[in-house]
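Next comes input_5.cif, a file with mmCIF, C-alpha atoms.
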data_model
loop_
_atom_site.label_atom_id
_atom_site.label_comp_id
_atom_site.auth_asym_id
_atom_site.auth_seq_id
_atom_site.Cartn_x
_atom_site.Cartn_y
_atom_site.Cartn_z
CA GLY K 110 113.98 92.98 90.61
CA GLU K 111 110.23 92.63 90.56
CA ASN K 112 107.99 95.56 91.48
CA VAL K 113 104.27 95.05 92.10
CA GLU K 114 101.88 97.98 92.26
CA GLN K 115 98.35 97.55 93.64
CA HIS K 116 95.28 99.77 93.36
CA PRO K 117 93.13 100.99 94.96
CA SER K 118 94.52 101.22 98.47
CA THR K 119 91.01 101.28 99.93
CA LEU K 120 87.73 100.04 98.49
CA SER K 121 84.30 100.39 100.01
CA VAL K 122 81.29 98.55 98.56
CA GLN K 123 77.77 97.63 99.54
CA GLU K 124 76.92 94.03 100.28
CA GLY K 125 76.07 92.24 97.06
CA ASP K 126 78.14 94.54 94.85
CA SER K 127 81.27 93.46 93.00
CA ALA K 128 84.79 94.48 93.95
CA VAL K 129 87.80 94.70 91.64
CA ILE K 130 91.41 95.10 92.70
CA LYS K 131 94.15 95.62 90.13
CA CYS K 132 97.89 94.95 90.15
CA THR K 133 100.72 95.55 87.74
CA TYR K 134 104.12 93.90 87.72
CA SER K 135 107.42 94.78 86.13
CA ASP K 136 109.41 91.55 85.69
CA SER K 137 108.47 89.64 82.56
CA ALA K 138 110.06 86.54 84.13
CA SER K 139 107.32 86.40 86.77
CA ASN K 140 104.93 83.56 86.06
CA TYR K 141 103.00 83.03 89.27
CA PHE K 142 100.49 85.47 90.78
CA PRO K 143 98.73 84.65 94.05
CA TRP K 144 96.21 86.69 95.99
CA TYR K 145 96.14 86.66 99.77
CA LYS K 146 93.49 87.80 102.23
CA GLN K 147 94.63 89.05 105.61
CA GLU K 148 92.23 89.77 108.43
CA LEU K 149 93.29 92.00 111.29
CA GLY K 150 95.92 90.32 113.42
CA LYS K 151 95.89 87.12 111.38
CA ARG K 152 98.15 85.41 108.88
CA PRO K 153 97.85 86.00 105.12
CA GLN K 154 95.73 83.25 103.56
CA LEU K 155 95.80 82.29 99.91
CA ILE K 156 92.44 82.78 98.23
CA ILE K 157 93.31 82.20 94.59
CA ASP K 158 96.33 82.09 92.32
CA ILE K 159 97.06 82.07 88.61
CA ARG K 160 99.98 80.98 86.47
CA SER K 161 101.12 82.73 83.35
CA ASN K 162 99.91 79.99 81.03
CA VAL K 163 96.32 80.76 82.01
CA GLY K 164 94.36 83.95 81.32
CA GLU K 165 91.58 83.52 83.84
CA LYS K 166 90.72 81.38 86.84
CA LYS K 167 87.52 81.26 88.86
CA ASP K 168 86.60 79.79 92.22
CA GLN K 169 82.99 80.40 93.22
CA ARG K 170 82.65 84.16 93.85
CA ILE K 171 86.32 84.91 93.24
CA ALA K 172 88.06 85.21 89.89
CA VAL K 173 91.46 86.38 88.73
CA THR K 174 92.42 87.56 85.26
CA LEU K 175 95.93 87.94 83.86
CA ASN K 176 97.12 90.02 80.92
CA LYS K 177 100.76 89.06 80.29
CA THR K 178 101.24 91.57 77.50
CA ALA K 179 100.19 94.48 79.67
CA LYS K 180 101.70 92.91 82.80
CA HIS K 181 98.64 93.31 84.92
CA PHE K 182 96.29 91.03 86.80
CA SER K 183 93.07 91.63 88.67
CA LEU K 184 90.99 90.11 91.45
CA HIS K 185 87.23 90.10 91.03
CA ILE K 186 84.89 89.36 93.93
CA THR K 187 81.20 89.08 93.10
CA GLU K 188 78.23 89.18 95.47
CA THR K 189 80.38 90.61 98.24
CA GLN K 190 79.55 89.78 101.84
CA PRO K 191 80.56 91.55 105.07
CA GLU K 192 82.93 88.67 105.85
CA ASP K 193 84.90 89.57 102.71
CA SER K 194 86.08 92.69 104.55
CA ALA K 195 89.85 92.39 104.98
CA VAL K 196 93.14 93.49 103.45
CA TYR K 197 93.89 91.86 100.12
CA PHE K 198 97.42 91.51 98.75
CA CYS K 199 98.49 90.59 95.27
CA ALA K 200 101.93 89.15 94.65
CA GLY K 201 104.17 88.14 91.81
CA GLY K 202 106.94 85.61 91.59
CA SER K 203 108.75 83.05 89.54
CA THR K 204 108.24 79.35 90.08
CA SER K 205 111.96 78.98 89.49
CA TYR K 206 112.99 81.16 92.40
CA GLY K 207 110.16 80.99 94.86
CA LYS K 208 110.20 84.40 96.47
CA LEU K 209 107.11 86.57 96.18
CA THR K 210 106.96 90.32 95.76
CA PHE K 211 103.79 91.74 97.30
CA GLY K 212 101.71 94.76 96.45
CA GLN K 213 100.90 97.38 99.05
CA GLY K 214 97.49 95.95 99.86
CA THR K 215 93.85 96.98 99.46
CA ILE K 216 91.59 97.48 102.45
CA LEU K 217 88.19 96.17 101.36
CA THR K 218 85.16 97.14 103.41
CA VAL K 219 81.80 95.57 102.62
CA HIS K 220 78.91 97.44 104.20
CA PRO K 221 75.81 95.41 105.16
CA ASP V 139 97.41 71.83 113.90
CA THR V 140 99.40 70.85 110.82
CA GLY V 141 99.97 74.41 109.57
CA VAL V 142 103.04 76.59 109.83
CA SER V 143 103.79 77.57 113.41
CA GLN V 144 105.94 80.37 114.80
CA ASN V 145 107.28 81.13 118.24
CA PRO V 146 107.12 83.36 120.09
CA ARG V 147 104.02 85.15 118.87
CA HIS V 148 105.06 88.40 120.50
CA LYS V 149 108.44 89.74 121.58
CA ILE V 150 109.26 93.01 123.31
CA THR V 151 112.92 93.84 123.64
CA LYS V 152 115.17 96.77 124.34
CA ARG V 153 117.30 98.35 121.66
CA GLY V 154 120.65 96.61 121.39
CA GLN V 155 119.43 93.21 122.56
CA ASN V 156 119.49 90.07 120.43
CA VAL V 157 116.32 88.17 119.58
CA THR V 158 115.66 84.81 117.95
CA PHE V 159 112.47 83.58 116.33
CA ARG V 160 111.55 80.05 115.36
CA CYS V 161 109.47 78.74 112.47
CA ASP V 162 108.18 75.19 112.05
CA PRO V 163 106.98 74.61 108.49
CA ILE V 164 104.39 72.13 107.27
CA SER V 165 106.16 68.80 107.64
CA GLU V 166 106.55 67.75 104.01
CA HIS V 167 107.46 71.22 102.75
CA ASN V 168 111.07 71.66 101.80
CA ARG V 169 110.98 75.38 101.02
CA LEU V 170 110.86 77.88 103.86
CA TYR V 171 110.61 81.66 103.54
CA TRP V 172 110.97 84.61 105.89
CA TYR V 173 109.15 87.88 105.26
CA ARG V 174 108.83 91.09 107.24
CA GLN V 175 105.60 93.07 107.36
CA THR V 176 105.21 96.58 108.74
CA LEU V 177 101.87 98.22 109.45
CA GLY V 178 99.92 99.01 106.31
CA GLN V 179 102.36 97.29 103.98
CA GLY V 180 102.60 93.98 102.20
CA PRO V 181 105.09 91.35 103.33
CA GLU V 182 108.67 91.99 102.19
CA PHE V 183 110.87 89.05 101.29
CA LEU V 184 113.90 88.49 103.52
CA THR V 185 115.34 85.07 102.71
CA TYR V 186 114.45 81.54 101.73
CA PHE V 187 115.71 78.00 102.13
CA GLN V 188 115.36 74.87 100.10
CA ASN V 189 116.00 72.10 102.59
CA GLU V 190 118.98 73.35 104.62
CA ALA V 191 120.43 75.53 101.86
CA GLN V 192 119.84 79.27 102.04
CA LEU V 193 119.27 80.14 98.40
CA GLU V 194 118.55 83.85 98.42
CA LYS V 195 118.83 86.79 100.77
CA SER V 196 117.26 90.19 100.27
CA ARG V 197 119.26 93.38 100.49
CA LEU V 198 116.91 94.18 103.39
CA LEU V 199 118.72 91.50 105.38
CA SER V 200 121.57 93.45 106.96
CA ASP V 201 124.55 91.86 108.65
CA ARG V 202 122.63 91.95 111.91
CA PHE V 203 120.18 89.39 110.57
CA SER V 204 120.98 85.72 110.24
CA ALA V 205 118.79 82.77 109.42
CA GLU V 206 119.43 79.07 109.64
CA ARG V 207 117.66 75.85 108.83
CA PRO V 208 120.19 73.32 110.08
CA LYS V 209 118.39 70.06 109.41
CA GLY V 210 116.04 71.19 106.71
CA SER V 211 113.10 71.26 109.09
CA PHE V 212 112.56 74.21 111.45
CA SER V 213 114.28 77.55 110.91
CA THR V 214 115.48 80.33 113.17
CA LEU V 215 115.84 84.02 112.42
CA GLU V 216 118.16 85.98 114.70
CA ILE V 217 118.45 89.73 114.89
CA GLN V 218 121.51 91.05 116.68
CA ARG V 219 121.76 94.50 118.25
CA THR V 220 118.12 95.27 117.57
CA GLU V 221 117.10 98.76 116.46
CA GLN V 222 113.72 100.46 116.70
CA GLY V 223 113.39 100.16 112.94
CA ASP V 224 113.35 96.37 113.33
CA SER V 225 109.91 96.57 114.92
CA ALA V 226 107.61 94.63 112.60
CA MET V 227 105.75 91.38 112.10
CA TYR V 228 108.08 88.59 111.02
CA LEU V 229 106.26 86.04 108.92
CA CYS V 230 107.38 82.58 107.95
CA ALA V 231 105.94 80.62 105.04
CA SER V 232 106.54 77.21 103.56
CA SER V 233 105.86 75.47 100.28
CA TYR V 234 106.40 72.11 98.64
CA ARG V 235 108.98 72.08 95.90
CA GLY V 236 107.32 72.10 92.53
CA LEU V 237 104.18 73.67 93.96
CA GLU V 238 104.28 77.38 94.45
CA THR V 239 101.59 77.94 97.07
CA GLN V 240 103.16 79.50 100.13
CA TYR V 241 101.39 78.89 103.42
CA PHE V 242 102.03 81.49 106.09
CA GLY V 243 102.47 81.15 109.80
CA PRO V 244 100.81 83.48 112.32
CA GLY V 245 103.92 85.63 112.60
CA THR V 246 106.05 86.96 115.43
CA ARG V 247 105.36 90.56 116.31
CA LEU V 248 108.55 92.30 117.45
CA LEU V 249 108.58 95.59 119.33
CA VAL V 250 111.94 97.21 120.00
CA LEU V 251 111.83 99.86 122.70
#
When written as structure tokens, how does the structure in this file appear?
Amino acid sequence: GENVEQHPSTLSVQEGDSAVIKCTYSDSASNYFPWYKQELGKRPQLIIDIRSNVGEKKDQRIAVTLNKTAKHFSLHITETQPEDSAVYFCAGGSTSYGKLTFGQGTILTVHP
Amino acid sequence: DTGVSQNPRHKITKRGQNVTFRCDPISEHNRLYWYRQTLGQGPEFLTYFQNEAQLEKSRLLSDRFSAERPKGSFSTLEIQRTEQGDSAMYLCASSYRGLETQYFGPGTRLLVL
């Protein structure tokens, strides 16, 4: 089955800096890669996703890149703000099967 | 609120008791998923339904766990003879067939004493 590894486990940045979180996956059949943000005590919320037919996707300050050959994908947050502080999870899955396999999470702290 | 809802939000039970959780998905979504999340970890897939059909179950889902979605709308997850290791957040998510975005509910936090 799919295995998703996520790094780093914690990331601390100053407000205005960029943050990058990286994930690798094992199953070449995976073709859908969402990123979720989870604040303490709240539900995971989708912030951006990418499908395997696309190499990069951007939404304002957030971007995701995908390298299918190397089986890794990354989340990039620019101009970080204190409200970006949360746990971020990457995930991989197949649009044929639906289930997602999540990474272990990255605790992002943005210092004012 | 038209999002995914779950009840109860919190459940404390004694070891050996049975518990049942409910999930109400977004109304037009025909896929429904159950995940379990322990502290400091990402959600782990348990099972999923397309309409009323249970299409996949994880090896994590022991015989003590059962899930149903009888009319293709809400779903229940039952844990029989609870163990302390069952303590976790149980998350439900739903999606619309053909679109992969999974929307999560607030979860049910289970504590087994």
(message) Please report the interatomic distance between CA of Val142 in chain V and CA of Ile164 in chain V in Å with one decimal.
(response) 5.3 Å
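Taking CA of Thr185 in chain V and CA of Glu206 in chain V as endpoints, the distance between them is 10.0 Å.
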(request) Report the distance between CA of Gln115 in chain K and CA of Gly207 in chain K in Å, rounded to one decimal place. (result)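 Atom-to-atom, CA of Gln115 in chain K to CA of Gly207 in chain K, that is 20.4 Å.
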(message) Need the shell around Asp158 in chain K: protein/DNA/RNA residues with any atom at most 9 Å away, counting all atoms listed in the file. Skip same-chain ones fewer than 6 positions apart. Format as an NGL selection string?
(response) (:K and (141-145 or 166 or 173)) or (:V and (239))
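Picked by the PyMOL selection byres ((chain K) within 8 of (chain V)) from the coordinates shown: Tyr141, Pro143, Lys151, Arg152, Pro153, Gln154, Leu155, Phe198, Thr204, Gly207, Lys208, Leu209, Thr210, Phe211, Gly212, Gln213 and Gly214 of chain K.
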(request) Pick out the closest residue to Asn140 in chain K from this set: K:Ser161, K:Ser118, K:Thr178, K:Thr218. Count all atoms listed in the file. (result)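 Closest to Asn140 in chain K, using all atoms listed in the file: K:Ser161.
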Could you list, as a short mmCIF file (atom, residue, chain, number, x, y, z; two decimals) with C-alpha atoms, in the coordinates of the input, every residue matched by the PyMOL selection byres ((chain K and resi 180) around 8) in this structure?
data_model
loop_
_atom_site.label_atom_id
_atom_site.label_comp_id
_atom_site.auth_asym_id
_atom_site.auth_seq_id
_atom_site.Cartn_x
_atom_site.Cartn_y
_atom_site.Cartn_z
CA THR K 133 100.72 95.55 87.74
CA TYR K 134 104.12 93.90 87.72
CA SER K 135 107.42 94.78 86.13
CA SER K 137 108.47 89.64 82.56
CA LEU K 175 95.93 87.94 83.86
CA ASN K 176 97.12 90.02 80.92
CA LYS K 177 100.76 89.06 80.29
CA THR K 178 101.24 91.57 77.50
CA ALA K 179 100.19 94.48 79.67
CA HIS K 181 98.64 93.31 84.92
CA PHE K 182 96.29 91.03 86.80
#
(message) For the PyMOL selection byres ((chain V and resi 212) around 8), applied here, can you spell out every residue it catches as an NGL selection string?
(response) :V and (160-163 or 207-211 or 213-214)
Selected residues written out, C-alpha atoms, as a compact mmCIF listing (two decimals), in the coordinates of the input:
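Everything below was put into selection.txt:
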# COMPACT_ATOMS: atom_id res chain seq x y z
CA ARG V 160 111.55 80.05 115.36
CA CYS V 161 109.47 78.74 112.47
CA ASP V 162 108.18 75.19 112.05
CA PRO V 163 106.98 74.61 108.49
CA ARG V 207 117.66 75.85 108.83
CA PRO V 208 120.19 73.32 110.08
CA LYS V 209 118.39 70.06 109.41
CA GLY V 210 116.04 71.19 106.71
CA SER V 211 113.10 71.26 109.09
CA SER V 213 114.28 77.55 110.91
CA THR V 214 115.48 80.33 113.17
(request) Go through V:Leu248, V:Ala191, V:Leu199, V:Leu177 and flag the residue nearest Lys152 in chain V, using all atoms listed in the file for the distances. (result) V:Leu248
(message) With distances taken over all atoms listed in the file, which residue among V:Asp224, V:Arg174, V:Asp201, V:Ser232 lies nearest Val157 in chain V?
(response)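 Closest to Val157 in chain V, using all atoms listed in the file: V:Asp224.
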(request) Could you give me, as a PyMOL selection string, the residues within 9 Å of Val129 in chain K, counting all atoms listed in the file and dropping anything in the same chain fewer than 3 positions from it? (result) chain K and resi 117+120+183-187
Axis-aligned box over every listed atom of range 211-224 of chain V, padded by 6 Å per side: centre and edges in Å to one decimal, as AutoDock Vina command-line options?
--center_x 117.2 --center_y 85.9 --center_z 113.7 --size_x 21.2 --size_y 41.2 --size_z 21.2
(message) Which residues are near Thr215 in chain K? Cut-off 6 Å, all atoms listed in the file, ignore same chain within fewer than 4 positions. Put them as JSON, numbers by chain.
(response) {"K": [118, 119, 196, 197]}
(message) Here is a test: counting all atoms listed in the file, which residue of K:Ala195, K:Ala138, K:Val122, K:Ala128 is nearest to Gly110 in chain K?
(response) K:Ala138
Please write as a compact mmCIF listing (two decimals) with C-alpha atoms, in the frame of the given file the list of polymer residues whose atoms come within 8 Å of (115.3, 89.8, 112.5), counting all atoms listed in the file and keeping to the coordinates of the file.
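Okay, this is what ended up in out.txt:
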# COMPACT_ATOMS: atom_id res chain seq x y z
CA VAL V 157 116.32 88.17 119.58
CA THR V 158 115.66 84.81 117.95
CA PHE V 159 112.47 83.58 116.33
CA ARG V 202 122.63 91.95 111.91
CA PHE V 203 120.18 89.39 110.57
CA SER V 204 120.98 85.72 110.24
CA LEU V 215 115.84 84.02 112.42
CA GLU V 216 118.16 85.98 114.70
CA ILE V 217 118.45 89.73 114.89
CA GLN V 218 121.51 91.05 116.68
CA THR V 220 118.12 95.27 117.57
CA ASP V 224 113.35 96.37 113.33
CA TYR V 228 108.08 88.59 111.02
(message) For a quick check of understanding, using only C-alpha atoms, which of K:Tyr206, K:Leu217, K:Cys132, K:Asp193 has the smallest distance to Ile156 in chain K?
(response)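 The shortest atom-to-atom distance to Ile156 in chain K comes from K:Asp193.
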(message) Need to verify the contact set: Gly223 in chain V, 10 Å, only C-alpha atoms, exclusion of same-chain residues closer than 6 positions in sequence. Can you return it as a list of chain:residue names?
(response) V:Arg153, V:Thr176, V:Leu249, V:Val250, V:Leu251
With C-alpha atoms retained, write the just-selected residues as a PDB file, keeping the file's coordinate frame.
ATOM      1  CA  ARG V 153     117.300  98.350 121.660  1.00  0.00           C
ATOM      2  CA  THR V 176     105.210  96.580 108.740  1.00  0.00           C
ATOM      3  CA  LEU V 249     108.580  95.590 119.330  1.00  0.00           C
ATOM      4  CA  VAL V 250     111.940  97.210 120.000  1.00  0.00           C
ATOM      5  CA  LEU V 251     111.830  99.860 122.700  1.00  0.00           C
TER       6      LEU V 251
END
